[in-house]
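Below is the file input-v4.csv, which contains CSV, C-alpha atoms.
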chain,number,residue,atom,x,y,z
A,1,MET,CA,83.8,115.2,100.0
A,2,LYS,CA,81.9,112.2,98.8
A,3,LYS,CA,85.2,110.2,98.9
A,4,ILE,CA,85.5,111.0,102.6
A,5,LEU,CA,82.0,109.8,103.3
A,6,LEU,CA,82.6,106.6,101.2
A,7,LEU,CA,85.8,105.8,102.9
A,8,ALA,CA,84.3,106.4,106.3
A,9,MET,CA,81.2,104.3,105.5
A,10,SER,CA,83.5,101.5,104.2
A,11,ALA,CA,85.4,101.7,107.4
A,12,MET,CA,82.2,101.5,109.4
A,13,ALA,CA,81.2,98.4,107.4
A,14,LEU,CA,84.5,96.8,108.4
A,15,MET,CA,83.8,97.7,112.0
A,16,GLY,CA,81.5,94.8,112.5
A,17,CYS,CA,78.3,95.6,110.6
A,18,SER,CA,78.5,92.3,108.7
A,19,LYS,CA,76.5,89.5,110.1
A,20,PRO,CA,78.9,86.5,109.8
A,21,LYS,CA,81.6,87.9,112.1
A,22,GLN,CA,81.5,90.8,114.4
A,23,LEU,CA,84.9,92.3,115.1
A,24,PRO,CA,86.0,93.0,118.6
A,25,PRO,CA,86.1,96.8,119.2
A,26,GLN,CA,89.9,97.0,119.2
A,27,GLU,CA,90.1,95.2,115.9
A,28,ALA,CA,87.3,97.2,114.4
A,29,TRP,CA,89.1,100.5,115.3
A,30,GLN,CA,92.3,99.1,113.8
A,31,LYS,CA,90.4,98.6,110.5
A,32,PHE,CA,88.9,102.1,110.8
A,33,CYS,CA,92.4,103.6,111.4
A,34,SER,CA,93.8,101.8,108.4
A,35,VAL,CA,91.6,104.0,106.1
A,36,ILE,CA,92.3,107.3,107.9
A,37,PRO,CA,95.3,108.2,105.8
A,38,SER,CA,93.2,108.1,102.7
A,39,ALA,CA,90.4,110.0,104.4
A,40,ALA,CA,92.9,112.7,105.6
A,41,ALA,CA,94.2,113.0,102.0
A,42,ASN,CA,90.7,113.5,100.7
A,43,ILE,CA,90.0,116.1,103.4
A,44,MET,CA,93.1,118.1,102.6
A,45,THR,CA,92.4,117.8,98.9
A,46,ASP,CA,88.9,119.2,99.5
A,47,ARG,CA,90.5,122.0,101.6
A,48,GLN,CA,92.9,122.9,98.9
A,49,GLN,CA,90.2,122.8,96.2
A,50,GLY,CA,88.1,125.4,98.1
A,51,VAL,CA,85.4,123.1,99.6
A,52,LYS,CA,83.8,125.0,102.5
A,53,GLU,CA,84.5,123.7,106.0
A,54,ALA,CA,80.8,123.7,106.8
A,55,ASP,CA,80.1,121.4,103.8
A,56,ALA,CA,82.8,119.0,104.9
A,57,LEU,CA,81.5,118.9,108.4
A,58,GLU,CA,78.0,118.3,107.1
A,59,HIS,CA,79.2,115.2,105.3
A,60,ALA,CA,80.9,113.9,108.4
A,61,LYS,CA,77.6,114.1,110.3
A,62,LYS,CA,76.4,111.3,108.1
A,63,ILE,CA,78.8,108.8,109.6
A,64,PRO,CA,76.7,106.5,111.9
A,65,ASP,CA,79.4,105.7,114.5
A,66,GLN,CA,79.6,108.7,116.9
A,67,HIS,CA,83.3,108.1,117.7
A,68,ALA,CA,84.3,107.8,114.1
A,69,GLN,CA,82.2,110.9,113.3
A,70,GLN,CA,84.0,113.0,116.0
A,71,TYR,CA,87.4,111.8,114.8
A,72,LEU,CA,86.6,112.8,111.2
A,73,GLU,CA,85.3,116.1,112.4
A,74,SER,CA,88.5,116.8,114.3
A,75,LEU,CA,90.5,116.0,111.1
A,76,ILE,CA,88.4,118.4,109.1
A,77,LYS,CA,88.8,121.2,111.6
A,78,GLU,CA,92.6,120.6,111.7
A,79,ALA,CA,92.8,120.6,107.9
A,80,TYR,CA,90.9,123.9,107.7
A,81,LYS,CA,93.6,125.6,109.8
A,82,VAL,CA,96.0,125.1,106.9
A,83,PRO,CA,95.9,127.8,104.3
A,84,VAL,CA,94.7,127.2,100.7
A,85,TYR,CA,97.8,127.2,98.5
A,86,LEU,CA,97.8,128.3,94.8
A,87,ASN,CA,101.0,126.6,94.0
A,88,ASN,CA,100.7,122.8,93.3
A,89,ASP,CA,103.9,122.0,95.0
A,90,GLN,CA,102.8,123.7,98.2
A,91,ARG,CA,99.4,121.9,97.9
A,92,GLN,CA,101.2,118.6,97.6
A,93,LYS,CA,103.4,119.4,100.6
A,94,ALA,CA,100.4,120.3,102.7
A,95,LEU,CA,98.7,117.0,101.7
A,96,ASP,CA,101.8,114.9,102.4
A,97,ALA,CA,102.3,116.6,105.8
A,98,PHE,CA,98.6,116.2,106.7
A,99,THR,CA,98.5,112.5,105.9
A,100,GLN,CA,101.8,111.5,107.4
A,101,GLY,CA,101.5,109.3,110.5
A,102,ARG,CA,97.7,109.5,110.6
A,103,GLU,CA,97.1,105.8,111.0
A,104,GLN,CA,99.4,105.6,114.1
A,105,GLU,CA,97.9,108.8,115.5
A,106,CYS,CA,94.4,107.3,115.1
A,107,LEU,CA,95.4,104.1,116.8
A,108,LYS,CA,97.0,106.1,119.6
A,109,GLN,CA,94.0,108.3,120.2
A,110,THR,CA,91.7,105.2,120.1
A,111,ALA,CA,93.8,103.6,122.8
A,112,GLN,CA,93.6,106.7,125.0
A,113,ASN,CA,89.7,106.7,124.6
A,114,LYS,CA,89.3,103.3,126.1
Could you quickly redo this structure as structure tokens?
Amino acid sequence: MKKILLLAMSAMALMGCSKPKQLPPQEAWQKFCSVIPSAAANIMTDRQQGVKEADALEHAKKIPDQHAQQYLESLIKEAYKVPVYLNNDQRQKALDAFTQGREQECLKQTAQNK
């Protein structure tokens, strides 16, 4: 779960928190979306390792950007609809399926929320 928080915080730092150059909102979200596949992988890994949904959601609440927080919370809720698998191959398939296409999905959703 800490990996999710670190990835999201890193993404938020890329979203214009630095003083020298503030990114336009669209470019900031493109940067945010570029780390979403890694965040999704971490979320599903936590799910498959038995981390409780409430704990994962609590970590997401620490994200300062409201839109990013809501997006990560939606990923967490989606991941927790997937059963926990005991077989490593099934776990890997769940992880692969959950991360596939996440960056494009994030970009698409961001464009719809304009």
Tell me which protein, DNA and RNA residues are within 12 Å of range 52-56 of chain A, counting only C-alpha atoms, leaving out same-chain ones fewer than 5 positions away, and put them as a ChimeraX atom specification.
-> /A:1-5,39-40,42-47,61-63,69,72-82,84
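Distances from A:Gln66, A:Gly50, A:Ser34, A:Arg102 to Tyr85 in chain A were compared using only C-alpha atoms, and the smallest one belongs to A:Gly50.
Atom to atom, CA of Glu105 in chain A and CA of Glu58 in chain A stand 23.6 Å apart.
The residue that comes closest to His67 in chain A, out of A:Phe32, A:Lys93, A:Pro24, A:Gln104 and on the basis of only C-alpha atoms, is A:Phe32.
Relative to CA of Ala60 in chain A, CA of Leu107 in chain A is found at 19.4 Å.
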Pairwise distance for CA of Gln100 in chain A and CA of Pro37 in chain A, rounded to one decimal in Å | 7.5 Å
With all atoms listed in the file as the atoms that count, which of A:Pro83, A:Trp29, A:Asp65, A:Leu23 lies nearest to Leu95 in chain A?
->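 Under the stated criterion, the closest residue is A:Pro83.
Each of A:Glu27, A:Val51, A:Tyr71, A:Pro64 was checked against Cys106 in chain A using only C-alpha atoms; the smallest atom-to-atom distance is that of A:Tyr71.
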